[in-house]
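Just protein_28.cif here, mmCIF, C-alpha atoms:
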data_upload
loop_
_atom_site.group_PDB
_atom_site.id
_atom_site.type_symbol
_atom_site.label_atom_id
_atom_site.label_comp_id
_atom_site.auth_asym_id
_atom_site.auth_seq_id
_atom_site.Cartn_x
_atom_site.Cartn_y
_atom_site.Cartn_z
ATOM 1 C CA MET B 1 0.000 0.000 0.000
ATOM 2 C CA THR B 2 2.058 2.911 -1.304
ATOM 3 C CA PRO B 3 0.911 6.381 -2.326
ATOM 4 C CA LYS B 4 -0.441 6.566 -5.886
ATOM 5 C CA LYS B 5 1.307 9.867 -6.538
ATOM 6 C CA LYS B 6 3.023 12.602 -4.637
ATOM 7 C CA HIS B 7 0.588 14.905 -2.921
ATOM 8 C CA SER B 8 1.400 17.487 -0.288
ATOM 9 C CA VAL B 9 -0.238 18.716 2.865
ATOM 10 C CA PHE B 10 0.127 22.091 4.579
ATOM 11 C CA VAL B 11 -0.619 22.117 8.311
ATOM 12 C CA ILE B 12 -1.457 25.297 10.209
ATOM 13 C CA GLY B 13 -1.684 24.935 13.966
ATOM 14 C CA GLY B 14 -0.060 24.631 17.341
ATOM 15 C CA ALA B 15 3.559 23.655 17.937
ATOM 16 C CA ASN B 16 4.817 23.241 21.457
ATOM 17 C CA ILE B 17 7.012 21.364 23.868
ATOM 18 C CA ASP B 18 5.257 18.452 25.571
ATOM 19 C CA LEU B 19 6.134 17.740 29.182
ATOM 20 C CA GLN B 20 4.498 14.483 30.246
ATOM 21 C CA GLY B 21 4.458 13.041 33.742
ATOM 22 C CA SER B 22 3.228 9.483 34.322
ATOM 23 C CA SER B 23 2.622 7.984 37.746
ATOM 24 C CA ASP B 24 3.820 4.510 38.750
ATOM 25 C CA ASN B 25 0.894 4.066 41.146
ATOM 26 C CA PRO B 26 -2.669 5.385 41.524
ATOM 27 C CA LEU B 27 -2.335 9.166 41.761
ATOM 28 C CA LEU B 28 -2.453 10.817 45.141
ATOM 29 C CA LEU B 29 -3.679 14.365 44.745
ATOM 30 C CA LYS B 30 -1.920 17.154 46.646
ATOM 31 C CA ASP B 31 1.102 14.891 47.103
ATOM 32 C CA SER B 32 4.291 13.868 45.301
ATOM 33 C CA ASN B 33 3.880 10.811 43.045
ATOM 34 C CA PRO B 34 6.832 8.670 41.911
ATOM 35 C CA GLY B 35 6.913 8.234 38.154
ATOM 36 C CA GLU B 36 8.580 9.403 34.947
ATOM 37 C CA ILE B 37 8.762 12.808 33.248
ATOM 38 C CA SER B 38 9.609 13.183 29.573
ATOM 39 C CA MET B 39 10.042 16.085 27.139
ATOM 40 C CA SER B 40 9.284 15.989 23.431
ATOM 41 C CA SER B 41 8.135 18.191 20.584
ATOM 42 C CA GLY B 42 4.364 18.397 20.358
ATOM 43 C CA GLY B 43 1.380 20.525 19.506
ATOM 44 C CA VAL B 44 -1.657 19.262 17.608
ATOM 45 C CA GLY B 45 -0.677 20.812 14.279
ATOM 46 C CA ARG B 46 2.970 19.850 14.605
ATOM 47 C CA ASN B 47 2.114 16.290 15.605
ATOM 48 C CA ILE B 48 -0.247 15.890 12.656
ATOM 49 C CA ALA B 49 2.505 17.214 10.369
ATOM 50 C CA GLU B 50 5.081 14.741 11.677
ATOM 51 C CA ASN B 51 2.656 11.831 11.480
ATOM 52 C CA ALA B 52 1.730 12.765 7.898
ATOM 53 C CA SER B 53 5.412 12.924 6.990
ATOM 54 C CA ARG B 54 5.941 9.484 8.546
ATOM 55 C CA LEU B 55 3.183 8.272 6.207
ATOM 56 C CA SER B 56 5.271 9.495 3.255
ATOM 57 C CA ILE B 57 3.200 12.605 2.548
ATOM 58 C CA PRO B 58 5.356 15.687 1.794
ATOM 59 C CA THR B 59 4.360 18.073 4.594
ATOM 60 C CA LYS B 60 4.817 21.744 5.430
ATOM 61 C CA ILE B 61 3.866 23.440 8.686
ATOM 62 C CA PHE B 62 3.194 27.014 9.670
ATOM 63 C CA SER B 63 3.272 27.873 13.354
ATOM 64 C CA TYR B 64 5.068 30.053 15.882
ATOM 65 C CA VAL B 65 7.940 29.310 18.248
ATOM 66 C CA GLY B 66 9.858 31.582 20.581
ATOM 67 C CA SER B 67 13.379 32.881 20.034
ATOM 68 C CA ASP B 68 14.624 30.457 22.658
ATOM 69 C CA ALA B 69 16.303 27.080 23.147
ATOM 70 C CA LEU B 70 12.964 25.265 23.241
ATOM 71 C CA GLY B 71 12.137 26.781 19.854
ATOM 72 C CA ASP B 72 15.452 25.495 18.495
ATOM 73 C CA PHE B 73 14.692 22.032 19.889
ATOM 74 C CA LEU B 74 11.204 22.006 18.392
ATOM 75 C CA ILE B 75 12.327 23.055 14.900
ATOM 76 C CA GLU B 76 15.267 20.643 14.838
ATOM 77 C CA SER B 77 13.191 17.653 15.941
ATOM 78 C CA THR B 78 10.488 18.491 13.389
ATOM 79 C CA GLN B 79 13.061 18.769 10.618
ATOM 80 C CA LYS B 80 14.398 15.325 11.570
ATOM 81 C CA ALA B 81 10.933 13.976 10.764
ATOM 82 C CA ASN B 82 11.301 15.454 7.242
ATOM 83 C CA VAL B 83 8.685 18.147 7.777
ATOM 84 C CA ASP B 84 9.353 21.431 5.966
ATOM 85 C CA THR B 85 9.765 23.927 8.826
ATOM 86 C CA SER B 86 10.770 26.901 6.681
ATOM 87 C CA TYR B 87 7.360 28.485 7.256
ATOM 88 C CA ILE B 88 7.640 28.494 11.063
ATOM 89 C CA SER B 89 7.963 32.012 12.498
ATOM 90 C CA ARG B 90 9.954 33.007 15.583
ATOM 91 C CA HIS B 91 8.371 35.445 18.010
ATOM 92 C CA SER B 92 10.690 38.060 19.450
ATOM 93 C CA SER B 93 9.308 38.142 23.002
ATOM 94 C CA LEU B 94 6.875 35.312 23.812
ATOM 95 C CA PRO B 95 8.265 31.881 24.794
ATOM 96 C CA THR B 96 7.755 28.684 22.837
ATOM 97 C CA SER B 97 4.467 27.053 23.800
ATOM 98 C CA GLN B 98 4.537 24.339 26.446
ATOM 99 C CA TYR B 99 1.965 21.660 27.213
ATOM 100 C CA LEU B 100 2.156 19.859 30.560
ATOM 101 C CA SER B 101 0.136 16.653 31.016
ATOM 102 C CA VAL B 102 -0.190 14.257 33.941
ATOM 103 C CA LEU B 103 -1.107 10.621 33.286
ATOM 104 C CA ASP B 104 -2.525 8.223 35.846
ATOM 105 C CA ASP B 105 -1.317 4.656 36.395
ATOM 106 C CA ASN B 106 -3.574 3.520 33.510
ATOM 107 C CA ASN B 107 -1.798 5.953 31.182
ATOM 108 C CA ASP B 108 -4.924 8.082 30.776
ATOM 109 C CA MET B 109 -4.543 11.846 30.974
ATOM 110 C CA LEU B 110 -5.806 13.166 34.303
ATOM 111 C CA VAL B 111 -5.090 16.860 33.827
ATOM 112 C CA SER B 112 -3.094 19.169 31.590
ATOM 113 C CA ILE B 113 -1.976 22.799 31.479
ATOM 114 C CA SER B 114 -1.138 24.549 28.233
ATOM 115 C CA ASP B 115 0.735 27.817 27.763
ATOM 116 C CA MET B 116 -0.057 28.653 24.151
ATOM 117 C CA ARG B 117 -0.104 32.443 24.279
ATOM 118 C CA ILE B 118 2.230 32.632 21.317
ATOM 119 C CA ILE B 119 -0.215 31.043 18.857
ATOM 120 C CA ASN B 120 -2.654 33.896 19.438
ATOM 121 C CA GLU B 121 -0.133 36.156 17.674
ATOM 122 C CA MET B 122 -0.849 34.466 14.327
ATOM 123 C CA THR B 123 -2.349 36.935 11.821
ATOM 124 C CA ILE B 124 -4.141 36.910 8.489
ATOM 125 C CA ASP B 125 -1.099 38.655 6.997
ATOM 126 C CA ASP B 126 0.963 35.613 8.007
ATOM 127 C CA ILE B 127 -1.325 33.397 5.946
ATOM 128 C CA LYS B 128 -1.299 35.823 3.011
ATOM 129 C CA SER B 129 2.501 35.631 2.945
ATOM 130 C CA HIS B 130 2.224 31.860 2.402
ATOM 131 C CA ASN B 131 -0.574 31.967 -0.196
ATOM 132 C CA ASN B 132 1.508 30.422 -2.986
ATOM 133 C CA ALA B 133 2.573 27.392 -0.954
ATOM 134 C CA LEU B 134 -0.947 26.917 0.388
ATOM 135 C CA ASN B 135 -2.454 27.044 -3.099
ATOM 136 C CA GLN B 136 -0.077 24.302 -4.228
ATOM 137 C CA SER B 137 -1.219 21.967 -1.447
ATOM 138 C CA SER B 138 -3.458 18.942 -1.954
ATOM 139 C CA VAL B 139 -4.920 19.297 1.547
ATOM 140 C CA ILE B 140 -4.767 22.005 4.212
ATOM 141 C CA VAL B 141 -5.107 20.845 7.823
ATOM 142 C CA ILE B 142 -5.795 23.285 10.622
ATOM 143 C CA ASP B 143 -6.375 22.894 14.338
ATOM 144 C CA THR B 144 -8.513 25.192 16.430
ATOM 145 C CA ASN B 145 -5.599 26.514 18.483
ATOM 146 C CA ILE B 146 -5.129 29.310 15.950
ATOM 147 C CA PRO B 147 -7.128 32.575 16.144
ATOM 148 C CA VAL B 148 -10.668 32.454 14.780
ATOM 149 C CA ASP B 149 -10.164 35.361 12.360
ATOM 150 C CA VAL B 150 -7.289 33.431 10.791
ATOM 151 C CA ILE B 151 -9.498 30.334 10.498
ATOM 152 C CA GLU B 152 -12.239 32.438 8.886
ATOM 153 C CA TYR B 153 -9.754 33.816 6.359
ATOM 154 C CA ILE B 154 -8.458 30.328 5.493
ATOM 155 C CA THR B 155 -11.965 28.943 4.959
ATOM 156 C CA GLU B 156 -12.816 31.814 2.608
ATOM 157 C CA GLU B 157 -9.532 32.137 0.703
ATOM 158 C CA PHE B 158 -8.812 28.419 0.276
ATOM 159 C CA SER B 159 -12.299 26.957 -0.129
ATOM 160 C CA HIS B 160 -11.121 25.381 -3.412
ATOM 161 C CA ILE B 161 -8.728 23.104 -1.481
ATOM 162 C CA PRO B 162 -9.981 20.305 0.817
ATOM 163 C CA LEU B 163 -9.773 21.694 4.343
ATOM 164 C CA PHE B 164 -9.361 19.232 7.219
ATOM 165 C CA LEU B 165 -10.161 20.262 10.798
ATOM 166 C CA ASP B 166 -9.036 18.920 14.153
ATOM 167 C CA THR B 167 -11.407 20.444 16.715
ATOM 168 C CA VAL B 168 -8.900 19.867 19.602
ATOM 169 C CA SER B 169 -11.258 20.528 22.553
ATOM 170 C CA ILE B 170 -14.787 21.547 23.478
ATOM 171 C CA ALA B 171 -13.767 25.120 24.294
ATOM 172 C CA LYS B 172 -11.839 25.541 21.058
ATOM 173 C CA ALA B 173 -14.495 23.805 18.971
ATOM 174 C CA ALA B 174 -17.012 26.374 20.223
ATOM 175 C CA LYS B 175 -15.234 29.207 18.423
ATOM 176 C CA ILE B 176 -15.524 27.536 15.001
ATOM 177 C CA LYS B 177 -19.078 26.213 15.390
ATOM 178 C CA HIS B 178 -20.307 28.728 12.793
ATOM 179 C CA LEU B 179 -17.603 27.600 10.335
ATOM 180 C CA ILE B 180 -17.967 23.830 10.553
ATOM 181 C CA GLY B 181 -19.601 23.506 7.123
ATOM 182 C CA LYS B 182 -16.598 25.149 5.469
ATOM 183 C CA PHE B 183 -14.463 22.065 6.149
ATOM 184 C CA HIS B 184 -14.265 19.066 3.868
ATOM 185 C CA THR B 185 -13.330 16.652 6.662
ATOM 186 C CA VAL B 186 -13.800 17.001 10.423
ATOM 187 C CA LYS B 187 -12.827 14.858 13.429
ATOM 188 C CA PRO B 188 -14.750 15.906 16.538
ATOM 189 C CA ASN B 189 -15.236 13.643 19.526
ATOM 190 C CA ARG B 190 -18.624 12.910 21.073
ATOM 191 C CA LEU B 191 -18.804 16.020 23.277
ATOM 192 C CA GLU B 192 -17.492 18.329 20.547
ATOM 193 C CA SER B 193 -20.072 16.888 18.132
ATOM 194 C CA GLU B 194 -22.840 17.573 20.627
ATOM 195 C CA LEU B 195 -21.650 21.161 20.982
ATOM 196 C CA ILE B 196 -21.412 21.711 17.219
ATOM 197 C CA THR B 197 -24.777 20.147 16.356
ATOM 198 C CA GLY B 198 -26.867 20.602 19.490
ATOM 199 C CA ILE B 199 -27.737 16.896 19.303
ATOM 200 C CA LYS B 200 -27.303 14.713 22.390
ATOM 201 C CA ILE B 201 -25.409 11.586 21.381
ATOM 202 C CA THR B 202 -26.583 8.450 23.171
ATOM 203 C CA ASP B 203 -26.597 5.727 20.510
ATOM 204 C CA GLN B 204 -25.860 5.015 16.858
ATOM 205 C CA SER B 205 -29.054 6.716 15.722
ATOM 206 C CA SER B 206 -28.095 9.997 17.386
ATOM 207 C CA LEU B 207 -24.542 9.619 16.062
ATOM 208 C CA LEU B 208 -25.988 9.417 12.557
ATOM 209 C CA SER B 209 -28.184 12.466 13.214
ATOM 210 C CA ALA B 210 -25.188 14.490 14.407
ATOM 211 C CA ALA B 211 -23.106 13.413 11.419
ATOM 212 C CA LYS B 212 -25.934 14.260 9.011
ATOM 213 C CA ASN B 213 -26.234 17.669 10.667
ATOM 214 C CA MET B 214 -22.585 18.430 9.891
ATOM 215 C CA PHE B 215 -22.895 16.963 6.406
ATOM 216 C CA ASP B 216 -25.922 19.127 5.651
ATOM 217 C CA LYS B 217 -23.901 22.186 6.675
ATOM 218 C CA GLY B 218 -21.277 21.345 4.053
ATOM 219 C CA CYS B 219 -18.835 18.771 5.470
ATOM 220 C CA LYS B 220 -18.023 15.885 3.099
ATOM 221 C CA GLN B 221 -16.477 13.454 5.585
ATOM 222 C CA ILE B 222 -17.269 13.225 9.289
ATOM 223 C CA PHE B 223 -15.360 11.078 11.780
ATOM 224 C CA ILE B 224 -16.776 11.176 15.327
ATOM 225 C CA THR B 225 -14.240 9.630 17.693
ATOM 226 C CA LEU B 226 -15.582 7.711 20.685
ATOM 227 C CA GLY B 227 -12.509 6.648 22.621
ATOM 228 C CA ASP B 228 -12.381 2.903 23.246
ATOM 229 C CA GLU B 229 -15.798 2.550 21.553
ATOM 230 C CA GLY B 230 -14.215 3.338 18.184
ATOM 231 C CA VAL B 231 -15.143 5.811 15.464
ATOM 232 C CA PHE B 232 -18.415 6.647 13.745
ATOM 233 C CA TYR B 233 -17.969 7.692 10.117
ATOM 234 C CA TYR B 234 -20.282 9.281 7.542
ATOM 235 C CA ASP B 235 -19.867 10.750 4.066
ATOM 236 C CA GLY B 236 -23.472 11.139 2.908
ATOM 237 C CA LYS B 237 -23.492 7.597 1.555
ATOM 238 C CA ASP B 238 -21.457 5.197 3.667
ATOM 239 C CA TYR B 239 -21.654 5.238 7.458
ATOM 240 C CA GLY B 240 -21.134 3.020 10.450
ATOM 241 C CA MET B 241 -19.019 2.196 13.477
ATOM 242 C CA PHE B 242 -15.450 0.977 13.297
ATOM 243 C CA ASN B 243 -13.617 -0.313 16.330
ATOM 244 C CA GLN B 244 -10.230 -1.914 16.829
ATOM 245 C CA LYS B 245 -9.777 -5.017 18.909
ATOM 246 C CA LYS B 246 -8.926 -4.233 22.523
ATOM 247 C CA ILE B 247 -5.233 -3.608 23.188
ATOM 248 C CA ASP B 248 -3.070 -2.655 26.114
ATOM 249 C CA VAL B 249 -2.703 1.105 25.782
ATOM 250 C CA VAL B 250 0.776 2.395 26.558
ATOM 251 C CA SER B 251 -0.193 6.066 26.128
ATOM 252 C CA ALA B 252 -3.401 7.610 24.814
ATOM 253 C CA ASN B 253 -1.640 10.898 24.019
ATOM 254 C CA GLY B 254 -1.150 11.435 20.308
ATOM 255 C CA ALA B 255 -3.584 8.838 18.961
ATOM 256 C CA GLY B 256 -5.898 11.539 17.600
ATOM 257 C CA ASP B 257 -3.034 13.247 15.769
ATOM 258 C CA ALA B 258 -2.058 9.955 14.114
ATOM 259 C CA PHE B 259 -5.708 9.404 13.193
ATOM 260 C CA VAL B 260 -5.865 12.771 11.412
ATOM 261 C CA ALA B 261 -2.698 11.952 9.464
ATOM 262 C CA GLY B 262 -4.304 8.646 8.511
ATOM 263 C CA MET B 263 -7.424 10.516 7.365
ATOM 264 C CA VAL B 264 -5.271 12.656 5.087
ATOM 265 C CA TYR B 265 -3.468 9.601 3.710
ATOM 266 C CA GLY B 266 -6.772 7.841 3.089
ATOM 267 C CA PHE B 267 -8.282 10.826 1.304
ATOM 268 C CA LEU B 268 -5.258 11.172 -0.970
ATOM 269 C CA ASN B 269 -4.545 7.510 -1.668
ATOM 270 C CA LEU B 270 -7.446 5.197 -0.798
ATOM 271 C CA ASN B 271 -10.935 4.516 -2.105
ATOM 272 C CA GLY B 272 -13.619 5.919 0.123
ATOM 273 C CA ILE B 273 -14.350 6.555 3.770
ATOM 274 C CA LYS B 274 -14.541 2.872 4.771
ATOM 275 C CA GLU B 275 -10.939 2.266 3.736
ATOM 276 C CA THR B 276 -9.910 5.571 5.272
ATOM 277 C CA VAL B 277 -11.397 4.873 8.704
ATOM 278 C CA LYS B 278 -9.596 1.516 8.842
ATOM 279 C CA TYR B 279 -6.321 3.122 7.805
ATOM 280 C CA ALA B 280 -6.623 6.060 10.208
ATOM 281 C CA SER B 281 -7.585 3.729 13.065
ATOM 282 C CA ALA B 282 -4.563 1.541 12.347
ATOM 283 C CA ALA B 283 -2.320 4.619 12.482
ATOM 284 C CA ALA B 284 -3.917 5.571 15.809
ATOM 285 C CA LEU B 285 -3.412 2.023 17.116
ATOM 286 C CA ILE B 286 0.316 2.247 16.425
ATOM 287 C CA ALA B 287 0.358 5.518 18.404
ATOM 288 C CA LEU B 288 -1.521 3.931 21.310
ATOM 289 C CA LYS B 289 1.156 1.252 21.575
ATOM 290 C CA SER B 290 3.916 3.841 21.992
ATOM 291 C CA LYS B 291 4.933 5.645 25.178
ATOM 292 C CA ASN B 292 5.821 8.641 23.006
ATOM 293 C CA THR B 293 3.199 11.028 21.649
ATOM 294 C CA ILE B 294 4.424 10.164 18.151
ATOM 295 C CA SER B 295 5.427 6.578 17.508
ATOM 296 C CA ASP B 296 8.672 5.980 15.664
ATOM 297 C CA GLN B 297 6.974 2.811 14.373
ATOM 298 C CA LEU B 298 4.440 4.768 12.309
ATOM 299 C CA SER B 299 5.083 4.224 8.603
ATOM 300 C CA VAL B 300 3.214 3.240 5.451
ATOM 301 C CA GLU B 301 4.806 -0.196 5.678
ATOM 302 C CA ASN B 302 3.842 -0.793 9.309
ATOM 303 C CA VAL B 303 0.264 0.380 8.810
ATOM 304 C CA ALA B 304 0.004 -2.002 5.847
ATOM 305 C CA LEU B 305 1.320 -4.868 7.983
ATOM 306 C CA LEU B 306 -1.159 -4.090 10.757
ATOM 307 C CA LEU B 307 -4.066 -3.930 8.304
ATOM 308 C CA LYS B 308 -3.009 -7.272 6.838
ATOM 309 C CA GLU B 309 -2.865 -8.818 10.314
ATOM 310 C CA GLN B 310 -6.323 -7.497 11.100
ATOM 311 C CA SER B 311 -7.661 -8.812 7.805
ATOM 312 C CA ASN B 312 -6.243 -12.266 8.481
ATOM 313 C CA GLU B 313 -7.724 -12.316 11.990
ATOM 314 C CA ALA B 314 -11.138 -11.376 10.601
ATOM 315 C CA GLU B 315 -11.173 -14.327 8.198
#
Rewrite the structure of this file - the entire thing - as structure tokens.
Amino acid sequence: MTPKKKHSVFVIGGANIDLQGSSDNPLLLKDSNPGEISMSSGGVGRNIAENASRLSIPTKIFSYVGSDALGDFLIESTQKANVDTSYISRHSSLPTSQYLSVLDDNNDMLVSISDMRIINEMTIDDIKSHNNALNQSSVIVIDTNIPVDVIEYITEEFSHIPLFLDTVSIAKAAKIKHLIGKFHTVKPNRLESELITGIKITDQSSLLSAAKNMFDKGCKQIFITLGDEGVFYYDGKDYGMFNQKKIDVVSANGAGDAFVAGMVYGFLNLNGIKETVKYASAAALIALKSKNTISDQLSVENVALLLKEQSNEAE
């Protein structure tokens, strides 16, 4: 399963340093917990860009970093993943974004704190300066960390290019609720879907209603993620639930970013939403098996192997 031809993706979104603490034992609040702390390059947009590059899609990213050592680290590590970082801007005064997460002994995120002030400095003029590169892209992916006026400009100026959206969180999804129909492909979770559509999701029927609501507004592909229950997908024709077999999760951080990269790969190289949801879920599964936010095992070859294993098990 190799790409049919060379496409490219341009990602616009958050880039930050991830600090992740994981506890060895059940967490005791208001106390010190033995465990491990790690540092890596992260950010929703940046992670999607690296995952897409690992899936052999030529990828560019536009974001902000500070004029500091963490900014150097972030750019260098992103370049090592073969992502074009030449569009990243350095801010003269604000520090590189940092995202601090605490995992419990089941490797589920308990709480996080993000310092992403720098991304709010992104302007429409920034996007205008990259118009040529954006217009040459096969897909543009954005996350909702960037300012809403910038998102509005992108949806108007680049409506001729498939726009993919990662909603990121309930709070950040709220600011683009009025724009949801401008996106070709969206990946909200259950709560974000409820916010966007006003439909309470309790079963597959209400999932279909929520997906149809977004489709009727203009979206072409909808993937509603449901955690360990799987993914509900809809494209106006095909729909249903897809779920992986149960696995031992090493870290849930980063699975959504890998899923988005898999969505992009599927759109560019596969035939339809059914193939895409399987591919994106396989990419997410590889991420779930890694202690790192981005798995160094993610590749076109390894996704193909995993899909073949799953196919053989299903027979």
Item to check | Explicit residue set for the PyMOL selection byres ((chain B and resi 282) around 9), as a list of chain:residue names | outcome: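 Applying the expression gives B:Gln244, B:Ala258, B:Phe259, B:Gly262, B:Val277, B:Lys278, B:Tyr279, B:Ala280, B:Ser281, B:Ala283, B:Ala284, B:Leu285, B:Ile286, B:Ala287, B:Val303, B:Ala304, B:Leu306, B:Leu307.
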Go ahead and write the residues just picked, C-alpha atoms, as a PDB file, in the frame of the given file.
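Below is the file selection-v6.pdb, written as the result:
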ATOM      1  CA  GLN B 244     -10.230  -1.914  16.829  1.00  0.00           C
ATOM      2  CA  ALA B 258      -2.058   9.955  14.114  1.00  0.00           C
ATOM      3  CA  PHE B 259      -5.708   9.404  13.193  1.00  0.00           C
ATOM      4  CA  GLY B 262      -4.304   8.646   8.511  1.00  0.00           C
ATOM      5  CA  VAL B 277     -11.397   4.873   8.704  1.00  0.00           C
ATOM      6  CA  LYS B 278      -9.596   1.516   8.842  1.00  0.00           C
ATOM      7  CA  TYR B 279      -6.321   3.122   7.805  1.00  0.00           C
ATOM      8  CA  ALA B 280      -6.623   6.060  10.208  1.00  0.00           C
ATOM      9  CA  SER B 281      -7.585   3.729  13.065  1.00  0.00           C
ATOM     10  CA  ALA B 283      -2.320   4.619  12.482  1.00  0.00           C
ATOM     11  CA  ALA B 284      -3.917   5.571  15.809  1.00  0.00           C
ATOM     12  CA  LEU B 285      -3.412   2.023  17.116  1.00  0.00           C
ATOM     13  CA  ILE B 286       0.316   2.247  16.425  1.00  0.00           C
ATOM     14  CA  ALA B 287       0.358   5.518  18.404  1.00  0.00           C
ATOM     15  CA  VAL B 303       0.264   0.380   8.810  1.00  0.00           C
ATOM     16  CA  ALA B 304       0.004  -2.002   5.847  1.00  0.00           C
ATOM     17  CA  LEU B 306      -1.159  -4.090  10.757  1.00  0.00           C
ATOM     18  CA  LEU B 307      -4.066  -3.930   8.304  1.00  0.00           C
TER      19      LEU B 307
END
Checklist entry - Expanded to explicit residues, what is the PyMOL selection byres ((chain B and resi 163) around 9) for this file, as a VMD selection string? => result chain B and resid 139 to 142 154 to 155 158 to 162 164 to 165 182 to 186
Checklist entry - Where does the PyMOL selection byres ((chain B and resi 226) around 12) land in this file, that is, which residues does it pick, as a PyMOL selection string? => result chain B and resi 187-193+201-204+207+223-225+227-233+241-244+256+281
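Considering the residues B:Thr96, B:Ser299, B:Gln136, B:Thr197 and counting only C-alpha atoms, Gly181 in chain B has its shortest atom-to-atom contact with B:Thr197.
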What are the centre and edge lengths in Å, to one decimal, of the axis-aligned box around all listed atoms of range 156-169 of chain B with 3 Å added on each side, as JSON?
{"center_x": -10.8, "center_y": 25.5, "center_z": 9.6, "size_x": 10.1, "size_y": 19.2, "size_z": 32.0}
Next on the checklist: Ranking B:Gly71, B:Gly272, B:Gly198, B:Gly66 by minimum distance to Arg117 in chain B and counting all atoms listed in the file, which one comes first?
Outcome noted: B:Gly66
Next on the checklist: Let me make sure I understand: among B:Asp143, B:Glu152, B:Glu301, B:Asp296, which one has the smallest atom-to-atom distance to Ala173 in chain B if we use only C-alpha atoms?
Outcome noted: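 Among the listed residues, B:Asp143 lies closest to Ala173 in chain B.
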Checklist outcome for this item: Min atom-atom distance to Glu157 in chain B from the set B:Asn131, B:Asn271, B:Asn253, B:Ser86, counting only C-alpha atoms, belongs to B:Asn131
Item to check | Atom-to-atom span, CA of Ala210 in chain B and CA of Glu156 in chain B, Å | outcome: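 Those two atoms sit 24.3 Å apart.
Close contacts of Ser114 in chain B, defined as residues with an atom at most 8 Å away when counting all atoms listed in the file, with chain neighbours fewer than 2 positions off set aside, comprise Ser97, Gln98, Tyr99, Leu100, Ser112 and Met116 of chain B.
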